[in-house]
$ cat entry_31.txt   # compact mmCIF, C-alpha atoms (C1' of nucleotides)
# COMPACT_ATOMS: atom_id res chain seq x y z
CA MET M 1 -63.27 19.79 -17.59
CA VAL M 2 -59.76 21.10 -17.40
CA LYS M 3 -57.75 20.59 -20.54
CA ARG M 4 -54.18 19.43 -20.17
CA LEU M 5 -53.23 18.84 -23.75
CA ARG M 6 -50.46 16.47 -24.53
CA ASP M 7 -48.63 15.50 -27.67
CA GLU M 8 -47.21 12.18 -28.69
CA SER M 9 -43.58 13.20 -28.32
CA ALA M 10 -43.98 13.78 -24.58
CA GLN M 11 -43.06 10.60 -22.78
CA PRO M 12 -44.63 11.08 -19.36
CA LEU M 13 -47.28 8.43 -19.82
CA THR M 14 -47.96 6.41 -16.71
CA PRO M 15 -48.06 2.62 -17.00
CA THR M 16 -51.72 2.71 -16.03
CA ALA M 17 -52.52 5.15 -18.83
CA PHE M 18 -50.70 2.93 -21.32
CA TYR M 19 -52.65 -0.14 -20.19
CA ILE M 20 -55.88 1.74 -20.73
CA LEU M 21 -54.86 2.95 -24.19
CA LEU M 22 -53.89 -0.63 -25.04
CA ALA M 23 -57.23 -1.94 -23.81
CA LEU M 24 -59.08 0.55 -26.02
CA ALA M 25 -56.90 0.08 -29.09
CA ASP M 26 -59.10 -2.57 -30.72
CA ALA M 27 -62.53 -1.76 -29.33
CA GLU M 28 -64.63 0.71 -27.41
CA ARG M 29 -65.02 -0.41 -23.85
CA HIS M 30 -66.63 0.75 -20.65
CA GLY M 31 -64.68 1.23 -17.42
CA TYR M 32 -65.26 -2.21 -15.99
CA GLY M 33 -64.52 -3.77 -19.37
CA ILE M 34 -61.18 -1.96 -19.53
CA MET M 35 -60.33 -3.40 -16.14
CA GLN M 36 -61.13 -6.92 -17.29
CA GLU M 37 -59.28 -6.55 -20.58
CA ILE M 38 -56.12 -5.43 -18.79
CA GLU M 39 -56.36 -8.25 -16.28
CA ALA M 40 -56.88 -10.79 -19.05
CA ARG M 41 -54.08 -9.48 -21.29
CA THR M 42 -51.59 -9.43 -18.44
CA ALA M 43 -52.62 -12.83 -17.07
CA GLY M 44 -53.78 -11.26 -13.84
CA ARG M 45 -50.48 -9.53 -13.23
CA VAL M 46 -51.99 -6.06 -13.49
CA LYS M 47 -55.19 -5.39 -11.60
CA LEU M 48 -56.60 -1.91 -11.45
CA GLY M 49 -58.70 -0.93 -8.47
CA PRO M 50 -61.53 1.55 -8.95
CA GLY M 51 -59.49 4.46 -7.62
CA THR M 52 -56.72 3.89 -10.13
CA LEU M 53 -59.07 3.15 -13.01
CA TYR M 54 -61.53 6.03 -12.76
CA GLY M 55 -58.88 8.49 -11.65
CA SER M 56 -56.84 7.67 -14.74
CA ILE M 57 -59.86 7.82 -17.03
CA LYS M 58 -60.67 11.29 -15.75
CA ARG M 59 -57.12 12.49 -16.42
CA MET M 60 -57.02 10.89 -19.86
CA LEU M 61 -60.29 12.59 -20.81
CA ALA M 62 -58.78 15.92 -19.76
CA ASP M 63 -55.64 15.09 -21.74
CA GLY M 64 -57.67 14.40 -24.86
CA LEU M 65 -56.42 10.80 -25.13
CA ILE M 66 -59.89 9.26 -24.92
CA VAL M 67 -63.46 10.45 -25.29
CA GLU M 68 -66.74 9.13 -24.07
CA SER M 69 -68.67 7.46 -26.85
CA ALA M 70 -72.37 7.94 -27.47
CA GLU M 71 -72.68 4.60 -29.22
CA ARG M 72 -74.38 1.84 -27.33
CA PRO M 73 -74.39 -1.88 -27.99
CA GLY M 74 -77.64 -3.61 -28.83
CA PRO M 75 -80.34 -3.22 -26.16
CA GLU M 76 -80.16 -6.91 -25.24
CA THR M 77 -76.54 -6.61 -24.05
CA ASP M 78 -76.57 -3.02 -22.87
CA ASP M 79 -76.36 -1.85 -19.28
CA GLU M 80 -77.47 1.70 -18.63
CA ARG M 81 -74.85 2.24 -16.00
CA ARG M 82 -72.01 1.73 -18.45
CA ARG M 83 -70.00 4.57 -19.88
CA TYR M 84 -68.10 3.71 -23.04
CA TYR M 85 -64.78 5.18 -24.10
CA ARG M 86 -62.73 5.16 -27.27
CA LEU M 87 -59.33 6.44 -28.35
CA THR M 88 -59.00 9.84 -29.95
CA ASN M 89 -56.62 10.27 -32.87
CA LEU M 90 -54.17 11.75 -30.40
CA GLY M 91 -54.69 8.81 -28.05
CA ARG M 92 -53.87 6.39 -30.84
CA ARG M 93 -50.74 8.28 -31.84
CA VAL M 94 -49.58 8.41 -28.24
CA ALA M 95 -50.27 4.69 -27.85
CA MET M 96 -48.28 3.90 -30.99
CA ALA M 97 -45.35 6.05 -29.88
CA GLU M 98 -45.36 4.39 -26.49
CA ALA M 99 -45.60 0.92 -28.00
CA GLU M 100 -42.56 1.65 -30.16
CA PHE M 101 -40.71 2.89 -27.11
CA PHE M 102 -41.54 -0.32 -25.26
CA ALA M 103 -40.50 -2.40 -28.23
CA ARG M 104 -37.15 -0.64 -28.18
CA LEU M 105 -36.75 -1.35 -24.46
CA VAL M 106 -37.47 -5.02 -25.09
CA GLU M 107 -34.77 -5.04 -27.76
CA VAL M 108 -32.30 -3.61 -25.26
CA ALA M 109 -33.33 -6.25 -22.74
CA ARG M 110 -32.71 -8.90 -25.40
CA GLU M 111 -29.28 -7.48 -26.22
CA LYS M 112 -28.43 -7.59 -22.55
CA LYS M 113 -29.47 -11.25 -22.28
CA LEU M 114 -32.44 -10.67 -20.06
CA LEU M 115 -34.62 -12.49 -22.56
CA ALA M 116 -34.01 -15.80 -24.24
CA ASP M 117 -32.87 -15.26 -27.84
CA SER M 118 -35.36 -17.90 -28.91
CA GLU M 119 -38.31 -15.79 -27.86
CA GLN M 120 -39.69 -14.74 -31.18
CA HIS M 121 -43.13 -13.33 -31.43
CA MET P 1 -30.94 0.28 6.05
CA VAL P 2 -34.54 -0.80 6.08
CA LYS P 3 -35.17 -4.02 4.21
CA ARG P 4 -38.22 -4.16 2.02
CA LEU P 5 -37.77 -7.51 0.41
CA ARG P 6 -39.38 -8.19 -2.87
CA ASP P 7 -39.76 -11.23 -5.06
CA GLU P 8 -39.85 -11.51 -8.81
CA SER P 9 -43.54 -12.37 -8.99
CA ALA P 10 -44.54 -9.02 -7.51
CA GLN P 11 -45.22 -6.60 -10.34
CA PRO P 12 -45.00 -3.21 -8.67
CA LEU P 13 -41.75 -2.17 -10.32
CA THR P 14 -41.63 1.47 -11.28
CA PRO P 15 -40.45 2.40 -14.77
CA THR P 16 -37.47 4.16 -13.22
CA ALA P 17 -36.46 1.03 -11.32
CA PHE P 18 -36.71 -1.03 -14.51
CA TYR P 19 -34.52 1.43 -16.41
CA ILE P 20 -31.89 1.15 -13.69
CA LEU P 21 -32.01 -2.65 -13.68
CA LEU P 22 -31.68 -2.58 -17.46
CA ALA P 23 -28.70 -0.22 -17.27
CA LEU P 24 -26.94 -2.56 -14.84
CA ALA P 25 -27.78 -5.77 -16.68
CA ASP P 26 -24.58 -5.89 -18.72
CA ALA P 27 -22.11 -4.03 -16.50
CA GLU P 28 -21.48 -2.53 -13.11
CA ARG P 29 -22.01 1.18 -13.23
CA HIS P 30 -21.93 4.15 -10.91
CA GLY P 31 -24.87 6.49 -10.43
CA TYR P 32 -23.93 9.02 -13.04
CA GLY P 33 -23.07 6.25 -15.47
CA ILE P 34 -26.52 4.71 -15.00
CA MET P 35 -28.02 8.06 -15.87
CA GLN P 36 -26.00 8.30 -19.08
CA GLU P 37 -26.70 4.70 -20.09
CA ILE P 38 -30.44 5.21 -19.76
CA GLU P 39 -30.33 8.44 -21.71
CA ALA P 40 -28.28 6.81 -24.47
CA ARG P 41 -30.44 3.68 -24.70
CA THR P 42 -33.66 5.66 -24.90
CA ALA P 43 -32.29 8.22 -27.37
CA GLY P 44 -32.69 11.00 -24.82
CA ARG P 45 -36.34 10.23 -24.24
CA VAL P 46 -35.78 9.29 -20.61
CA LYS P 47 -33.65 11.61 -18.51
CA LEU P 48 -33.34 11.00 -14.79
CA GLY P 49 -32.67 13.95 -12.54
CA PRO P 50 -30.59 13.44 -9.41
CA GLY P 51 -33.64 13.28 -7.17
CA THR P 52 -35.19 10.46 -9.17
CA LEU P 53 -31.90 8.62 -9.65
CA TYR P 54 -30.50 8.58 -6.14
CA GLY P 55 -33.91 8.18 -4.56
CA SER P 56 -34.54 5.09 -6.67
CA ILE P 57 -31.09 3.69 -5.97
CA LYS P 58 -31.70 3.99 -2.25
CA ARG P 59 -35.00 2.13 -2.53
CA MET P 60 -33.53 -0.57 -4.74
CA LEU P 61 -30.70 -1.16 -2.28
CA ALA P 62 -33.29 -1.58 0.48
CA ASP P 63 -35.26 -3.92 -1.78
CA GLY P 64 -32.21 -6.08 -2.40
CA LEU P 65 -32.32 -5.54 -6.17
CA ILE P 66 -28.85 -4.02 -6.36
CA VAL P 67 -25.79 -3.85 -4.12
CA GLU P 68 -22.88 -1.53 -3.94
CA SER P 69 -19.79 -3.10 -5.41
CA ALA P 70 -16.35 -2.94 -3.83
CA GLU P 71 -14.63 -3.43 -7.17
CA ARG P 72 -12.99 -0.41 -8.69
CA PRO P 73 -11.80 0.12 -12.23
CA GLY P 74 -8.11 0.61 -12.91
CA PRO P 75 -6.62 3.57 -11.03
CA GLU P 76 -6.08 5.48 -14.27
CA THR P 77 -9.84 5.68 -14.98
CA ASP P 78 -11.13 5.68 -11.43
CA ASP P 79 -12.81 8.59 -9.69
CA GLU P 80 -12.98 8.33 -5.92
CA ARG P 81 -16.35 10.02 -5.79
CA ARG P 82 -18.00 7.22 -7.72
CA ARG P 83 -20.10 4.56 -6.10
CA TYR P 84 -20.55 1.42 -8.22
CA TYR P 85 -23.61 -0.81 -8.23
CA ARG P 86 -24.40 -4.22 -9.63
CA LEU P 87 -27.47 -6.44 -9.84
CA THR P 88 -28.12 -9.03 -7.18
CA ASN P 89 -29.43 -12.44 -8.22
CA LEU P 90 -32.85 -11.23 -7.17
CA GLY P 91 -32.39 -8.05 -9.17
CA ARG P 92 -31.58 -10.06 -12.28
CA ARG P 93 -34.58 -12.35 -11.82
CA VAL P 94 -36.85 -9.35 -11.33
CA ALA P 95 -35.40 -7.68 -14.42
CA MET P 96 -35.95 -10.84 -16.50
CA ALA P 97 -39.52 -11.20 -15.28
CA GLU P 98 -40.21 -7.56 -16.07
CA ALA P 99 -38.61 -7.82 -19.50
CA GLU P 100 -40.82 -10.80 -20.31
CA PHE P 101 -43.82 -8.84 -19.15
CA PHE P 102 -42.87 -5.94 -21.42
CA ALA P 103 -42.31 -8.31 -24.31
CA ARG P 104 -45.81 -9.64 -23.79
CA LEU P 105 -47.22 -6.11 -23.76
CA VAL P 106 -45.46 -5.37 -27.04
CA GLU P 107 -47.00 -8.50 -28.53
CA VAL P 108 -50.44 -7.28 -27.50
CA ALA P 109 -49.69 -3.89 -29.02
CA ARG P 110 -48.71 -5.67 -32.24
CA GLU P 111 -51.89 -7.75 -32.25
CA LYS P 112 -53.88 -4.57 -31.85
CA LYS P 113 -52.12 -2.92 -34.80
CA LEU P 114 -50.30 -0.30 -32.79
CA LEU P 115 -47.02 -1.50 -34.27
CA ALA P 116 -46.18 -2.19 -37.87
CA ASP P 117 -46.15 -5.95 -38.52
CA SER P 118 -42.86 -5.55 -40.33
CA GLU P 119 -41.07 -4.50 -37.17
CA GLN P 120 -39.01 -7.57 -36.49
CA HIS P 121 -36.15 -7.49 -34.07
C1' DT O 1 -80.61 -14.73 2.03
C1' DT O 2 -76.38 -14.11 1.51
C1' DT O 3 -72.61 -13.94 -1.44
C1' DA O 4 -70.29 -12.70 -5.60
C1' DC O 5 -70.21 -9.98 -9.56
C1' DT O 6 -71.19 -5.87 -12.30
C1' DG O 7 -70.77 -0.91 -12.58
C1' DT O 8 -69.42 3.90 -11.46
C1' DA O 9 -67.54 7.27 -8.28
C1' DT O 10 -65.00 9.77 -4.45
C1' DC O 11 -61.88 10.27 -0.60
C1' DG O 12 -57.62 9.99 1.97
C1' DT O 13 -53.16 8.27 2.35
C1' DC O 14 -48.77 7.22 0.88
C1' DT O 15 -45.22 6.40 -2.48
C1' DG O 16 -42.44 7.93 -5.92
C1' DA O 17 -41.07 11.50 -9.53
C1' DC O 18 -38.55 15.47 -10.09
C1' DG O 19 -36.68 20.11 -9.99
C1' DA O 20 -33.96 23.00 -6.92
C1' DT O 21 -30.24 23.37 -4.25
C1' DG O 22 -25.79 22.22 -2.14
C1' DT O 23 -21.09 20.61 -2.27
C1' DA O 24 -17.01 19.19 -4.46
C1' DT O 25 -13.79 17.45 -8.04
C1' DC O 26 -12.17 17.13 -12.77
C1' DG O 27 -10.59 18.49 -17.35
C1' DG O 28 -10.02 21.69 -20.95
C1' DC O 29 -9.50 26.19 -22.89
C1' DG O 30 -8.03 30.89 -23.12
C1' DC W 1 -3.92 30.46 -13.57
C1' DG W 2 -8.75 31.16 -13.58
C1' DC W 3 -13.06 30.03 -15.40
C1' DC W 4 -16.55 26.94 -16.89
C1' DG W 5 -19.00 22.97 -18.00
C1' DA W 6 -19.21 18.31 -17.00
C1' DT W 7 -18.83 14.85 -13.48
C1' DA W 8 -20.46 12.98 -9.09
C1' DC W 9 -23.30 12.30 -5.04
C1' DA W 10 -26.91 13.71 -1.83
C1' DT W 11 -31.10 15.86 0.35
C1' DC W 12 -35.29 18.50 0.51
C1' DG W 13 -39.94 19.97 -0.65
C1' DT W 14 -43.68 19.73 -3.67
C1' DC W 15 -46.90 17.54 -6.39
C1' DA W 16 -49.02 13.91 -9.25
C1' DG W 17 -50.56 9.55 -9.34
C1' DA W 18 -51.50 4.79 -7.31
C1' DC W 19 -54.53 2.39 -4.61
C1' DG W 20 -57.37 0.60 -0.93
C1' DA W 21 -61.55 1.79 1.49
C1' DT W 22 -65.92 3.09 1.12
C1' DA W 23 -70.35 4.02 -0.94
C1' DC W 24 -74.32 2.93 -3.67
C1' DA W 25 -77.02 -0.09 -6.49
C1' DG W 26 -78.68 -3.78 -9.48
C1' DT W 27 -78.30 -8.77 -10.92
C1' DA W 28 -77.57 -13.62 -10.63
C1' DA W 29 -76.39 -17.71 -8.48
C1' DA W 30 -75.87 -20.81 -4.51
$ encode --input "entry_31.txt" --output "structure tokens"
Amino acid sequence: MVKRLRDESAQPLTPTAFYILLALADAERHGYGIMQEIEARTAGRVKLGPGTLYGSIKRMLADGLIVESAERPGPETDDERRRYYRLTNLGRRVAMAEAEFFARLVEVAREKKLLADSEQH
Amino acid sequence: MVKRLRDESAQPLTPTAFYILLALADAERHGYGIMQEIEARTAGRVKLGPGTLYGSIKRMLADGLIVESAERPGPETDDERRRYYRLTNLGRRVAMAEAEFFARLVEVAREKKLLADSEQH
DNA sequence: TTTACTGTATCGTCTGACGATGTATCGGCG
DNA sequence: CGCCGATACATCGTCAGACGATACAGTAAA
């Protein structure tokens, strides 16, 4: 595997990579599960095809943002085909930096009246 | 000019295109001014080179997201080389839809503890 | 049995990002 | 006045990444 190490101050993070980091932020997931999590969290707006998904996973492994996990769920829910992934420390830091960047963009959008002022979270 | 019409429900909006829409949301700006606005609003994190900037502008004109404006600033501040752009109605709707989408993503990031809870806007 | 879903993976194409380069004007400083 | 950095727009070529198509295979439901 070719290493392409990255640090959290570098911004070139593709939207797809950010979606995947977000999907893995609260739980280990396998490829297909990542796909479903993204689709659910974006209300179907973002759908990753297999090419996009597995291509991105491969790059993110090389970048050290995620790692494959050896842990398996209980045998009654497991599926041998699955490959589980989780965030590395670096992946989490990058995800946090990117989330803050997005939050800042949303603030700008609010200042520029692109969002209703009433939209609190 | 080739038309490639877009509607606000379609999500494929590149980050660069969103930055440009955001830069134009509160004022008409010329190309170089868009570049500076983006750099200022992102604290230097996002810097568009000329290839990215003018390439994106060309596409967004074709997509009907922005139009070139005939209005010029007062002669004392004008520069004949400048070409000014402003959002179309479609461009504004797309920008609002995208901003809401980003706001939703930020909420998810907050739920997943990627952002400090205290970060109010 | 046929369809839909789950699951991973690769390939080829095409779009867009981006630095390099080109051209030209403007303003300030020595 | 000459130089230089910033301003301003534009195109070109390269490369990374997005994405549909395709492949393979097992499972479950209709």
$ closest_residue --input "entry_31.txt" --among "P:Asn89, P:Thr77, P:Thr16, P:Ser69" --to "O:DC26" --atoms "only C-alpha atoms (C1' of nucleotides)"
P:Thr77
$ closest_residue --input "entry_31.txt" --among "W:DA10, W:DA21, W:DC3, W:DA28" --to "chain P" --atoms "all atoms listed in the file"
W:DA10
$ calpha_fit_and_write --input "entry_31.txt" --fixed "chain P" --moving "chain M" --output "PDB file with C-alpha atoms, keeping the file's coordinate frame"
ATOM      1  CA  MET M   1     -30.901   0.342   6.031  1.00  0.00           C
ATOM      2  CA  VAL M   2     -34.490  -0.748   6.085  1.00  0.00           C
ATOM      3  CA  LYS M   3     -35.150  -3.977   4.269  1.00  0.00           C
ATOM      4  CA  ARG M   4     -38.213  -4.163   2.076  1.00  0.00           C
ATOM      5  CA  LEU M   5     -37.745  -7.511   0.451  1.00  0.00           C
ATOM      6  CA  ARG M   6     -39.390  -8.189  -2.824  1.00  0.00           C
ATOM      7  CA  ASP M   7     -39.768 -11.234  -5.001  1.00  0.00           C
ATOM      8  CA  GLU M   8     -39.862 -11.510  -8.742  1.00  0.00           C
ATOM      9  CA  SER M   9     -43.545 -12.376  -8.957  1.00  0.00           C
ATOM     10  CA  ALA M  10     -44.563  -9.014  -7.493  1.00  0.00           C
ATOM     11  CA  GLN M  11     -45.168  -6.615 -10.336  1.00  0.00           C
ATOM     12  CA  PRO M  12     -44.992  -3.228  -8.636  1.00  0.00           C
ATOM     13  CA  LEU M  13     -41.748  -2.190 -10.267  1.00  0.00           C
ATOM     14  CA  THR M  14     -41.632   1.454 -11.226  1.00  0.00           C
ATOM     15  CA  PRO M  15     -40.465   2.367 -14.728  1.00  0.00           C
ATOM     16  CA  THR M  16     -37.484   4.135 -13.200  1.00  0.00           C
ATOM     17  CA  ALA M  17     -36.467   1.012 -11.289  1.00  0.00           C
ATOM     18  CA  PHE M  18     -36.726  -1.051 -14.470  1.00  0.00           C
ATOM     19  CA  TYR M  19     -34.532   1.406 -16.384  1.00  0.00           C
ATOM     20  CA  ILE M  20     -31.908   1.132 -13.683  1.00  0.00           C
ATOM     21  CA  LEU M  21     -32.008  -2.671 -13.655  1.00  0.00           C
ATOM     22  CA  LEU M  22     -31.683  -2.601 -17.446  1.00  0.00           C
ATOM     23  CA  ALA M  23     -28.716  -0.246 -17.255  1.00  0.00           C
ATOM     24  CA  LEU M  24     -26.953  -2.582 -14.817  1.00  0.00           C
ATOM     25  CA  ALA M  25     -27.800  -5.801 -16.639  1.00  0.00           C
ATOM     26  CA  ASP M  26     -24.580  -5.950 -18.671  1.00  0.00           C
ATOM     27  CA  ALA M  27     -22.132  -4.072 -16.472  1.00  0.00           C
ATOM     28  CA  GLU M  28     -21.496  -2.541 -13.089  1.00  0.00           C
ATOM     29  CA  ARG M  29     -22.024   1.172 -13.225  1.00  0.00           C
ATOM     30  CA  HIS M  30     -21.916   4.159 -10.936  1.00  0.00           C
ATOM     31  CA  GLY M  31     -24.874   6.503 -10.468  1.00  0.00           C
ATOM     32  CA  TYR M  32     -23.928   9.010 -13.120  1.00  0.00           C
ATOM     33  CA  GLY M  33     -23.084   6.194 -15.520  1.00  0.00           C
ATOM     34  CA  ILE M  34     -26.532   4.671 -15.025  1.00  0.00           C
ATOM     35  CA  MET M  35     -28.048   8.019 -15.911  1.00  0.00           C
ATOM     36  CA  GLN M  36     -26.032   8.231 -19.111  1.00  0.00           C
ATOM     37  CA  GLU M  37     -26.724   4.636 -20.099  1.00  0.00           C
ATOM     38  CA  ILE M  38     -30.473   5.162 -19.760  1.00  0.00           C
ATOM     39  CA  GLU M  39     -30.352   8.389 -21.729  1.00  0.00           C
ATOM     40  CA  ALA M  40     -28.310   6.743 -24.471  1.00  0.00           C
ATOM     41  CA  ARG M  41     -30.455   3.593 -24.695  1.00  0.00           C
ATOM     42  CA  THR M  42     -33.667   5.585 -24.885  1.00  0.00           C
ATOM     43  CA  ALA M  43     -32.303   8.136 -27.361  1.00  0.00           C
ATOM     44  CA  GLY M  44     -32.719  10.915 -24.842  1.00  0.00           C
ATOM     45  CA  ARG M  45     -36.364  10.135 -24.243  1.00  0.00           C
ATOM     46  CA  VAL M  46     -35.805   9.211 -20.607  1.00  0.00           C
ATOM     47  CA  LYS M  47     -33.695  11.534 -18.507  1.00  0.00           C
ATOM     48  CA  LEU M  48     -33.364  10.959 -14.808  1.00  0.00           C
ATOM     49  CA  GLY M  49     -32.692  13.920 -12.565  1.00  0.00           C
ATOM     50  CA  PRO M  50     -30.606  13.421  -9.436  1.00  0.00           C
ATOM     51  CA  GLY M  51     -33.649  13.254  -7.176  1.00  0.00           C
ATOM     52  CA  THR M  52     -35.191  10.436  -9.170  1.00  0.00           C
ATOM     53  CA  LEU M  53     -31.917   8.591  -9.667  1.00  0.00           C
ATOM     54  CA  TYR M  54     -30.511   8.550  -6.141  1.00  0.00           C
ATOM     55  CA  GLY M  55     -33.919   8.168  -4.547  1.00  0.00           C
ATOM     56  CA  SER M  56     -34.542   5.072  -6.647  1.00  0.00           C
ATOM     57  CA  ILE M  57     -31.085   3.665  -5.975  1.00  0.00           C
ATOM     58  CA  LYS M  58     -31.668   3.984  -2.248  1.00  0.00           C
ATOM     59  CA  ARG M  59     -34.982   2.127  -2.492  1.00  0.00           C
ATOM     60  CA  MET M  60     -33.527  -0.575  -4.725  1.00  0.00           C
ATOM     61  CA  LEU M  61     -30.684  -1.160  -2.262  1.00  0.00           C
ATOM     62  CA  ALA M  62     -33.263  -1.582   0.503  1.00  0.00           C
ATOM     63  CA  ASP M  63     -35.248  -3.925  -1.742  1.00  0.00           C
ATOM     64  CA  GLY M  64     -32.199  -6.084  -2.352  1.00  0.00           C
ATOM     65  CA  LEU M  65     -32.313  -5.543  -6.133  1.00  0.00           C
ATOM     66  CA  ILE M  66     -28.833  -4.025  -6.325  1.00  0.00           C
ATOM     67  CA  VAL M  67     -25.777  -3.848  -4.105  1.00  0.00           C
ATOM     68  CA  GLU M  68     -22.858  -1.514  -3.946  1.00  0.00           C
ATOM     69  CA  SER M  69     -19.758  -3.087  -5.415  1.00  0.00           C
ATOM     70  CA  ALA M  70     -16.319  -2.891  -3.855  1.00  0.00           C
ATOM     71  CA  GLU M  71     -14.597  -3.406  -7.185  1.00  0.00           C
ATOM     72  CA  ARG M  72     -12.961  -0.407  -8.737  1.00  0.00           C
ATOM     73  CA  PRO M  73     -11.772   0.122 -12.284  1.00  0.00           C
ATOM     74  CA  GLY M  74      -8.096   0.678 -12.949  1.00  0.00           C
ATOM     75  CA  PRO M  75      -6.624   3.681 -11.109  1.00  0.00           C
ATOM     76  CA  GLU M  76      -6.136   5.608 -14.356  1.00  0.00           C
ATOM     77  CA  THR M  77      -9.893   5.718 -15.053  1.00  0.00           C
ATOM     78  CA  ASP M  78     -11.183   5.717 -11.501  1.00  0.00           C
ATOM     79  CA  ASP M  79     -12.858   8.611  -9.735  1.00  0.00           C
ATOM     80  CA  GLU M  80     -12.982   8.401  -5.967  1.00  0.00           C
ATOM     81  CA  ARG M  81     -16.367  10.010  -5.798  1.00  0.00           C
ATOM     82  CA  ARG M  82     -18.008   7.211  -7.748  1.00  0.00           C
ATOM     83  CA  ARG M  83     -20.097   4.534  -6.130  1.00  0.00           C
ATOM     84  CA  TYR M  84     -20.560   1.421  -8.234  1.00  0.00           C
ATOM     85  CA  TYR M  85     -23.606  -0.821  -8.236  1.00  0.00           C
ATOM     86  CA  ARG M  86     -24.419  -4.237  -9.623  1.00  0.00           C
ATOM     87  CA  LEU M  87     -27.483  -6.459  -9.830  1.00  0.00           C
ATOM     88  CA  THR M  88     -28.135  -9.049  -7.166  1.00  0.00           C
ATOM     89  CA  ASN M  89     -29.447 -12.453  -8.199  1.00  0.00           C
ATOM     90  CA  LEU M  90     -32.868 -11.236  -7.145  1.00  0.00           C
ATOM     91  CA  GLY M  91     -32.408  -8.050  -9.164  1.00  0.00           C
ATOM     92  CA  ARG M  92     -31.608 -10.081 -12.254  1.00  0.00           C
ATOM     93  CA  ARG M  93     -34.611 -12.349 -11.793  1.00  0.00           C
ATOM     94  CA  VAL M  94     -36.883  -9.363 -11.300  1.00  0.00           C
ATOM     95  CA  ALA M  95     -35.422  -7.700 -14.393  1.00  0.00           C
ATOM     96  CA  MET M  96     -35.991 -10.839 -16.459  1.00  0.00           C
ATOM     97  CA  ALA M  97     -39.574 -11.196 -15.244  1.00  0.00           C
ATOM     98  CA  GLU M  98     -40.251  -7.569 -16.040  1.00  0.00           C
ATOM     99  CA  ALA M  99     -38.638  -7.841 -19.461  1.00  0.00           C
ATOM    100  CA  GLU M 100     -40.877 -10.800 -20.280  1.00  0.00           C
ATOM    101  CA  PHE M 101     -43.881  -8.829 -19.120  1.00  0.00           C
ATOM    102  CA  PHE M 102     -42.906  -5.944 -21.388  1.00  0.00           C
ATOM    103  CA  ALA M 103     -42.335  -8.298 -24.279  1.00  0.00           C
ATOM    104  CA  ARG M 104     -45.849  -9.615 -23.788  1.00  0.00           C
ATOM    105  CA  LEU M 105     -47.253  -6.075 -23.782  1.00  0.00           C
ATOM    106  CA  VAL M 106     -45.442  -5.359 -27.037  1.00  0.00           C
ATOM    107  CA  GLU M 107     -47.010  -8.475 -28.537  1.00  0.00           C
ATOM    108  CA  VAL M 108     -50.446  -7.220 -27.530  1.00  0.00           C
ATOM    109  CA  ALA M 109     -49.657  -3.843 -29.064  1.00  0.00           C
ATOM    110  CA  ARG M 110     -48.659  -5.635 -32.270  1.00  0.00           C
ATOM    111  CA  GLU M 111     -51.871  -7.668 -32.303  1.00  0.00           C
ATOM    112  CA  LYS M 112     -53.822  -4.468 -31.910  1.00  0.00           C
ATOM    113  CA  LYS M 113     -52.020  -2.848 -34.856  1.00  0.00           C
ATOM    114  CA  LEU M 114     -50.204  -0.250 -32.846  1.00  0.00           C
ATOM    115  CA  LEU M 115     -46.930  -1.457 -34.309  1.00  0.00           C
ATOM    116  CA  ALA M 116     -46.074  -2.144 -37.907  1.00  0.00           C
ATOM    117  CA  ASP M 117     -46.064  -5.902 -38.565  1.00  0.00           C
ATOM    118  CA  SER M 118     -42.768  -5.468 -40.370  1.00  0.00           C
ATOM    119  CA  GLU M 119     -40.980  -4.417 -37.214  1.00  0.00           C
ATOM    120  CA  GLN M 120     -38.906  -7.451 -36.492  1.00  0.00           C
ATOM    121  CA  HIS M 121     -36.065  -7.262 -34.089  1.00  0.00           C
TER     122      HIS M 121
END
$ residues_around --input "entry_31.txt" --residues "M:Lys58" --least-positions-apart "6" --cutoff "12 Å" --atoms "all atoms listed in the file" --output "PyMOL selection string"
(chain M and resi 1-4+17+20+31+50-52+64-68+85) or (chain O and resi 9)
$ interface_residues --input "entry_31.txt" --of "chain W" --to "chain P" --cutoff "10 Å" --atoms "all atoms listed in the file" --output "list in words"
DT7, DA8, DC9, DA10, DT11 and DC12 of chain W
$ write_last_selection --input "entry_31.txt" --atoms "C-alpha atoms (C1' of nucleotides)" --output "CSV table (one decimal), in the frame of the given file"
chain,number,residue,atom,x,y,z
W,7,DT,C1',-18.8,14.8,-13.5
W,8,DA,C1',-20.5,13.0,-9.1
W,9,DC,C1',-23.3,12.3,-5.0
W,10,DA,C1',-26.9,13.7,-1.8
W,11,DT,C1',-31.1,15.9,0.4
W,12,DC,C1',-35.3,18.5,0.5
$ atom_distance --input "entry_31.txt" --atom1 "atom CA of M:Ala109" --atom2 "atom CA of M:Arg93"
24.4 Å
